[in-house]
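As stored in upload17.txt (compact mmCIF, C-alpha atoms and all ligand atoms):
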```txt
# COMPACT_ATOMS: atom_id res chain seq x y z
CA PRO A 93 -27.20 -4.72 -3.03
CA ARG A 94 -23.59 -5.38 -2.15
CA ARG A 95 -22.86 -7.82 0.65
CA PRO A 96 -20.81 -6.39 3.56
CA LEU A 97 -17.07 -5.82 3.34
CA ILE A 98 -14.57 -6.07 6.15
CA ALA A 99 -11.46 -3.88 5.92
CA ILE A 100 -8.51 -4.97 8.04
CA ASP A 101 -5.62 -2.53 8.12
CA GLY A 102 -2.58 -2.06 10.31
CA PRO A 103 1.19 -2.03 10.44
CA ALA A 104 3.56 -4.85 9.50
CA GLY A 105 3.46 -7.83 11.83
CA ALA A 106 0.28 -6.95 13.74
CA GLY A 107 -1.17 -10.33 12.78
CA LYS A 108 -3.50 -9.07 10.06
CA SER A 109 -3.05 -11.94 7.61
CA THR A 110 -3.63 -14.77 10.04
CA VAL A 111 -6.67 -13.11 11.52
CA ALA A 112 -8.10 -11.93 8.18
CA ARG A 113 -7.79 -15.43 6.72
CA ALA A 114 -9.42 -17.02 9.74
CA VAL A 115 -12.30 -14.53 9.77
CA ALA A 116 -12.90 -15.03 6.06
CA ALA A 117 -12.91 -18.82 6.46
CA GLN A 118 -15.28 -18.69 9.42
CA LEU A 119 -17.73 -16.32 7.74
CA HIS A 120 -17.40 -17.84 4.25
CA LEU A 121 -16.17 -14.60 2.79
CA LEU A 122 -13.62 -14.02 0.08
CA TYR A 123 -10.18 -13.07 1.35
CA LEU A 124 -7.98 -10.58 -0.45
CA ASP A 125 -4.37 -10.03 0.61
CA THR A 126 -3.55 -6.67 -1.01
CA GLY A 127 0.02 -6.70 0.33
CA ALA A 128 0.72 -9.71 -1.90
CA MET A 129 -0.04 -7.53 -4.93
CA TYR A 130 2.48 -4.85 -3.92
CA ARG A 131 4.99 -7.60 -3.18
CA ALA A 132 4.44 -9.14 -6.63
CA ILE A 133 5.24 -5.86 -8.42
CA THR A 134 8.29 -5.41 -6.19
CA TRP A 135 9.52 -8.91 -6.95
CA LEU A 136 9.14 -8.36 -10.70
CA ALA A 137 10.91 -5.01 -10.53
CA LEU A 138 13.86 -6.59 -8.70
CA GLN A 139 13.94 -9.47 -11.21
CA ARG A 140 14.03 -7.13 -14.14
CA GLY A 141 16.49 -4.71 -12.60
CA ILE A 142 14.07 -1.78 -12.77
CA PRO A 143 15.45 1.03 -10.59
CA LEU A 144 13.15 1.33 -7.61
CA ASP A 145 13.17 5.10 -7.84
CA ASP A 146 11.92 5.08 -11.42
CA ALA A 147 8.24 5.82 -10.86
CA GLU A 148 7.42 5.78 -14.53
CA GLN A 149 8.82 2.33 -15.21
CA LEU A 150 7.27 0.94 -12.04
CA THR A 151 3.88 2.34 -13.01
CA GLN A 152 4.20 0.77 -16.44
CA LEU A 153 5.21 -2.52 -14.88
CA ALA A 154 2.13 -2.53 -12.62
CA ALA A 155 -0.16 -1.68 -15.54
CA GLN A 156 1.28 -4.42 -17.76
CA THR A 157 1.45 -7.21 -15.21
CA GLN A 158 -1.31 -9.75 -15.11
CA LEU A 159 -1.84 -10.86 -11.51
CA SER A 160 -4.00 -13.70 -10.26
CA LEU A 161 -4.63 -14.50 -6.66
CA LYS A 162 -6.18 -17.56 -5.14
CA SER A 163 -6.88 -17.59 -1.44
CA GLY A 164 -6.26 -20.82 0.42
CA ASN A 165 -9.07 -23.17 1.28
CA SER A 166 -8.37 -23.08 4.98
CA SER A 167 -7.41 -20.46 7.49
CA VAL A 168 -3.77 -21.54 7.45
CA GLU A 169 -3.02 -21.74 3.74
CA PRO A 170 -1.55 -18.51 2.45
CA THR A 171 -2.75 -16.84 -0.71
CA ARG A 172 -1.19 -18.22 -3.88
CA ILE A 173 -0.21 -15.65 -6.44
CA TRP A 174 0.85 -15.68 -10.09
CA ALA A 175 2.38 -12.88 -12.13
CA ASN A 176 1.95 -13.30 -15.89
CA GLY A 177 1.23 -16.97 -15.28
CA GLU A 178 4.30 -17.70 -13.16
CA GLU A 179 3.66 -18.72 -9.56
CA ILE A 180 5.52 -16.46 -7.12
CA THR A 181 3.83 -17.42 -3.86
CA GLN A 182 7.12 -18.14 -2.08
CA ALA A 183 9.23 -15.58 -3.90
CA ILE A 184 7.23 -12.58 -2.71
CA ARG A 185 7.97 -13.45 0.95
CA SER A 186 11.75 -13.14 0.57
CA PRO A 187 13.63 -10.72 2.84
CA GLU A 188 14.67 -8.85 -0.31
CA VAL A 189 11.07 -8.15 -1.34
CA THR A 190 10.10 -7.33 2.24
CA ARG A 191 12.94 -4.84 2.38
CA TRP A 192 11.94 -2.94 -0.78
CA VAL A 193 8.18 -3.26 -0.99
CA SER A 194 7.36 -0.06 0.89
CA GLN A 195 9.42 1.93 -1.59
CA VAL A 196 7.56 0.49 -4.58
CA SER A 197 4.18 0.86 -2.90
CA ALA A 198 4.81 4.58 -2.39
CA VAL A 199 4.69 5.17 -6.15
CA PRO A 200 1.31 6.80 -6.94
CA GLY A 201 0.95 5.11 -10.35
CA VAL A 202 1.55 1.67 -8.86
CA ARG A 203 -1.07 2.29 -6.18
CA GLN A 204 -3.59 3.64 -8.66
CA GLU A 205 -3.31 0.53 -10.78
CA LEU A 206 -3.50 -1.96 -7.91
CA VAL A 207 -6.30 -0.11 -6.10
CA LYS A 208 -8.35 -0.22 -9.30
CA ARG A 209 -8.02 -4.02 -9.35
CA GLN A 210 -8.75 -4.34 -5.62
CA ARG A 211 -11.93 -2.31 -6.03
CA SER A 212 -13.08 -4.51 -8.83
CA MET A 213 -12.34 -7.68 -6.85
CA GLY A 214 -14.31 -6.41 -3.84
CA ARG A 215 -17.09 -4.83 -5.86
CA ASP A 216 -19.75 -7.39 -4.95
CA GLY A 217 -18.90 -7.34 -1.24
CA GLY A 218 -18.81 -10.44 0.91
CA ALA A 219 -15.06 -10.13 1.35
CA VAL A 220 -12.32 -9.45 3.85
CA LEU A 221 -9.70 -7.10 2.41
CA GLU A 222 -6.43 -6.80 4.22
CA GLY A 223 -3.84 -4.05 3.78
CA ARG A 224 -2.82 -0.57 4.83
CA ASP A 225 -5.34 1.73 3.13
CA ILE A 226 -8.46 -0.38 2.69
CA GLY A 227 -10.63 1.53 5.16
CA THR A 228 -9.22 4.95 4.26
CA HIS A 229 -8.96 4.70 0.51
CA VAL A 230 -9.82 1.46 -1.29
CA PHE A 231 -13.24 0.95 0.33
CA PRO A 232 -13.96 3.96 2.57
CA ASP A 233 -17.56 2.76 2.72
CA ALA A 234 -16.71 -0.74 4.00
CA GLU A 235 -19.31 -1.85 6.54
CA LEU A 236 -16.71 -2.89 9.10
CA LYS A 237 -13.26 -1.39 9.48
CA VAL A 238 -10.73 -2.82 11.85
CA PHE A 239 -7.30 -1.40 12.57
CA LEU A 240 -4.99 -3.93 14.23
CA THR A 241 -2.01 -2.71 16.20
CA ALA A 242 0.63 -4.22 18.45
CA SER A 243 3.80 -2.87 20.01
CA VAL A 244 7.00 -3.07 17.97
CA GLU A 245 8.49 -5.46 20.55
CA GLU A 246 5.55 -7.81 20.28
CA ARG A 247 5.54 -7.74 16.49
CA ALA A 248 9.29 -8.41 16.35
CA GLN A 249 8.88 -11.33 18.72
CA ARG A 250 6.10 -12.86 16.64
CA ARG A 251 8.21 -12.46 13.53
CA GLN A 252 11.16 -14.08 15.26
CA HIS A 253 9.02 -17.09 16.17
CA GLN A 254 7.81 -17.41 12.58
CA LEU A 255 11.39 -17.32 11.31
CA GLN A 256 12.55 -19.79 13.93
CA ALA A 257 9.84 -22.17 12.79
CA GLN A 258 11.43 -21.93 9.34
CA GLY A 259 14.86 -22.62 10.82
CA GLN A 260 16.13 -19.04 10.64
CA GLN A 261 17.74 -17.15 13.51
CA VAL A 262 17.48 -13.37 13.38
CA ALA A 263 18.24 -11.03 16.30
CA LEU A 264 15.28 -9.30 17.89
CA GLU A 265 16.89 -5.86 17.56
CA GLU A 266 17.33 -6.37 13.84
CA LEU A 267 13.69 -7.34 13.40
CA GLU A 268 12.53 -4.36 15.47
CA ALA A 269 14.60 -2.03 13.29
CA GLN A 270 13.17 -3.53 10.09
CA ILE A 271 9.61 -3.25 11.35
CA GLN A 272 10.11 0.33 12.46
CA GLN A 273 11.57 1.27 9.12
CA ARG A 274 8.67 -0.23 7.18
CA ASP A 275 6.13 1.43 9.52
CA ARG A 276 7.83 4.74 9.03
CA ARG A 277 7.84 4.47 5.23
CA ASP A 278 4.25 3.28 5.11
CA SER A 279 3.02 6.01 7.50
CA GLU A 280 4.98 8.90 6.04
CA ARG A 281 4.28 8.43 2.36
CA THR A 282 2.15 11.19 0.83
CA ILE A 283 -0.29 8.92 -0.98
CA SER A 284 -2.66 6.83 1.17
CA PRO A 285 -0.41 6.63 4.23
CA LEU A 286 -0.99 3.96 6.82
CA ARG A 287 -3.48 5.28 9.37
CA PRO A 288 -6.76 4.20 10.89
CA ALA A 289 -9.92 5.46 9.21
CA PRO A 290 -11.86 7.81 11.53
CA ASP A 291 -14.54 5.16 11.92
CA ALA A 292 -12.21 2.18 12.29
CA ILE A 293 -12.32 0.01 15.40
CA LEU A 294 -8.86 -0.21 16.92
CA ILE A 295 -7.78 -3.52 18.35
CA ASP A 296 -4.50 -3.71 20.22
CA THR A 297 -3.44 -7.34 19.89
CA ASP A 298 -0.52 -7.27 22.36
CA HIS A 299 -2.30 -9.29 25.01
CA LEU A 300 -4.79 -11.11 22.84
CA SER A 301 -4.48 -14.50 21.21
CA GLN A 302 -5.22 -14.91 17.53
CA SER A 303 -8.55 -16.55 18.27
CA GLU A 304 -9.56 -13.76 20.65
CA VAL A 305 -8.96 -11.20 17.92
CA GLN A 306 -10.84 -13.37 15.46
CA ASP A 307 -13.82 -13.70 17.82
CA LYS A 308 -13.98 -9.94 18.32
CA ILE A 309 -14.09 -9.27 14.59
CA VAL A 310 -16.66 -11.98 13.94
CA MET A 311 -18.84 -10.55 16.70
CA LEU A 312 -18.59 -7.04 15.26
CA TYR A 313 -19.51 -8.38 11.84
CA GLN A 314 -22.52 -10.27 13.16
CA GLN A 315 -23.77 -7.12 14.83
CA LEU A 316 -23.98 -5.54 11.37
CA LEU A 317 -26.34 -8.10 9.97
O1 LIG B 401 0.91 -6.81 4.30
P1 LIG B 401 2.29 -6.97 3.77
O2 LIG B 401 3.36 -6.89 4.80
O3 LIG B 401 2.46 -8.14 2.85
O4 LIG B 401 2.48 -5.67 2.84
C1 LIG B 401 3.69 -5.40 2.22
C2 LIG B 401 3.82 -3.91 1.91
O5 LIG B 401 2.92 -3.56 0.86
C3 LIG B 401 3.52 -2.95 3.04
O6 LIG B 401 4.62 -2.74 3.90
C4 LIG B 401 3.15 -1.68 2.29
O7 LIG B 401 4.31 -0.99 1.88
C5 LIG B 401 2.49 -2.22 1.04
N1 LIG B 401 1.02 -2.21 1.11
C6 LIG B 401 0.38 -1.03 0.86
N2 LIG B 401 -0.97 -0.98 0.84
C7 LIG B 401 -1.71 -2.08 1.06
C8 LIG B 401 -1.07 -3.31 1.36
C9 LIG B 401 0.31 -3.34 1.40
O8 LIG B 401 1.03 -0.01 0.66
N3 LIG B 401 -3.04 -2.01 1.00
```
Would you write the structure of this file as structure tokens?
Ligand code: C5P
Amino acid sequence: PRRPLIAIDGPAGAGKSTVARAVAAQLHLLYLDTGAMYRAITWLALQRGIPLDDAEQLTQLAAQTQLSLKSGNSSVEPTRIWANGEEITQAIRSPEVTRWVSQVSAVPGVRQELVKRQRSMGRDGGAVLEGRDIGTHVFPDAELKVFLTASVEERAQRRQHQLQAQGQQVALEELEAQIQQRDRRDSERTISPLRPAPDAILIDTDHLSQSEVQDKIVMLYQQLL
């Protein structure tokens, strides 16, 4: 029988990655960052000058791209990712990719291809999958589904701190606008829009620390066993 799966979904900047990585490390589960896959296809499309409204070319690109992901060994190391053998771990986090990724991820053919690979990677269970549609679409039968939220203000502030740590100054209003735009695109697309599964457990992280969120999820998981 398959070991349990944890689906962690939610909007941009709700703290999914940090928490998902920490939970996976604590429970010795595999961690899969599905957003990195959409970012990789977006990065390649930008590199190759593929028009981002050309669904057919984007679908072909997704189908022909070999992706490999390697999750970090600790809760702080991000996932490393290679496209056709080239490491693009840093490249997929650029503002340019962040700006366009929700347009590429709205293409049905791109989603179909990446979802197929995500299902095969999670097939044996024992994994934490993080994204937007894991609980609703990729693994609707996941044993534990968590939907993380936080207010736009809080998410923008967290993002600002991250950027400051990297020596970048960006105005809060600008970050709020970017986050809102990505939320809107992700929630309004026709295919697998961002929304909590009916049986997902909602956690509002506004007034919780990362380790409090982590503890909650670990506790929920242990109750399953
Ligand atoms: O999680 P992250 O911010 O890296 O995701 C980048 C983008 O990839 C999201 O804004 C969304 O457009 C897309 N995505 C998705 N479905 C997923 C994961 C990410 O559509 N399961």
Item to check | Contacts of Ala147 in chain A at 10 Å (all atoms listed in the file; same-chain gap of 2+ positions) as a PyMOL selection string | outcome: chain A and resi 142-145+149-153+196+198-202
Against ligand LIG 401 (chain B), which residues of chain A fall within 8 Å? For each one I want the closest pair of atoms and the distance in Å (one decimal), counting all atoms listed in the file, rows by chain and increasing residue number, as a tab-separated table.
```
residue	atom	partner	partner_atom	distance
A:Asp101	CA	B:LIG401	N3	7.6
A:Pro103	CA	B:LIG401	O6	7.4
A:Ala104	CA	B:LIG401	O2	5.1
A:Gly105	CA	B:LIG401	O2	7.1
A:Lys108	CA	B:LIG401	O1	7.6
A:Ser109	CA	B:LIG401	O1	7.3
A:Asp125	CA	B:LIG401	O1	7.2
A:Thr126	CA	B:LIG401	C8	4.8
A:Gly127	CA	B:LIG401	C9	3.5
A:Ala128	CA	B:LIG401	O3	5.3
A:Met129	CA	B:LIG401	C9	7.6
A:Tyr130	CA	B:LIG401	O5	5.0
A:Arg131	CA	B:LIG401	C1	6.0
A:Arg185	CA	B:LIG401	O3	7.9
A:Thr190	CA	B:LIG401	C1	6.7
A:Val193	CA	B:LIG401	C2	5.3
A:Ser194	CA	B:LIG401	O7	3.3
A:Gln195	CA	B:LIG401	O7	6.8
A:Val196	CA	B:LIG401	O7	7.4
A:Ser197	CA	B:LIG401	O8	4.8
A:Ala198	CA	B:LIG401	O8	6.7
A:Arg203	CA	B:LIG401	O8	7.5
A:Glu222	CA	B:LIG401	N3	6.7
A:Gly223	CA	B:LIG401	N3	3.5
A:Arg224	CA	B:LIG401	N3	4.1
A:Asp225	CA	B:LIG401	N3	4.9
A:Ile226	CA	B:LIG401	N3	5.9
A:Val230	CA	B:LIG401	N3	8.0
A:Arg274	CA	B:LIG401	O6	5.8
A:Asp275	CA	B:LIG401	O6	7.2
A:Arg277	CA	B:LIG401	O7	7.3
A:Asp278	CA	B:LIG401	O7	5.4
A:Ser284	CA	B:LIG401	O8	7.8
A:Pro285	CA	B:LIG401	O8	7.7
A:Leu286	CA	B:LIG401	O8	7.6
```
Item to check | Residue neighbourhood Val244 in chain A, 12 Å, only C-alpha atoms, exclusion window fewer than 6 positions, as a PyMOL selection string | outcome: chain A and resi 103-106+250-251+264-276+296-298
Next on the checklist: Just checking: using all atoms listed in the file, which residue out of A:Ala257, A:Leu240, A:Ala263, A:Leu138 ends up closest to Pro288 in chain A?
Outcome noted: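 Of A:Ala257, A:Leu240, A:Ala263, A:Leu138, the one nearest Pro288 in chain A, counting all atoms listed in the file, is A:Leu240.
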Checklist outcome for this item: From CA of Arg281 in chain A to CA of Leu221 in chain A the spacing works out at 20.9 Å
Checklist entry - Quick one: of A:Arg215, A:Arg113, A:Lys308, A:Arg94, who's nearest to Gly164 in chain A, counting all atoms listed in the file? => result A:Arg113
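Shortest separation to Leu236 in chain A among A:Ala175, A:Ala114, A:Leu97, A:Ile133 occurs at residue A:Leu97, atoms counted being only C-alpha atoms.
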Next on the checklist: If we count only C-alpha atoms and set the cut-off at 10 Å, which residues sit around Asn165 in chain A, ignoring sequence neighbours fewer than 4 positions away in its own chain? Please answer as a list in words.
Outcome noted: Arg113, Ala117, Glu169, Pro170 and Thr171 of chain A
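Nearest to Asp216 in chain A of all the residues A:Ala116, A:Ile100, A:Ala234, A:Ala132 is A:Ala234, counting only C-alpha atoms.
When CA of Ile98 in chain A is paired with CA of Trp174 in chain A, their separation reads 24.4 Å.
The shortest atom-to-atom distance to Val189 in chain A, with only C-alpha atoms taken into account, belongs to A:Trp135 out of A:Asn176, A:Trp135, A:Pro232, A:Lys237.
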Checklist entry - For the atom pair CA of Ile295 in chain A and CA of Met213 in chain A, what is the interatomic distance in Å to one decimal place? => result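 Between CA of Ile295 in chain A and CA of Met213 in chain A the gap is 25.9 Å.
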Checklist entry - Hey, which of A:Leu124, A:Leu300, A:Tyr313, A:Arg287 ends up closest to Ser212 in chain A? Count all atoms listed in the file. => result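 Closest candidate: A:Leu124.
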Item to check | Neighbour residues at most 12 Å from (8.5, -24.2, 0.8) (only C-alpha atoms) as a PyMOL selection string | outcome: chain A and resi 170+180-183+185-186+258-259
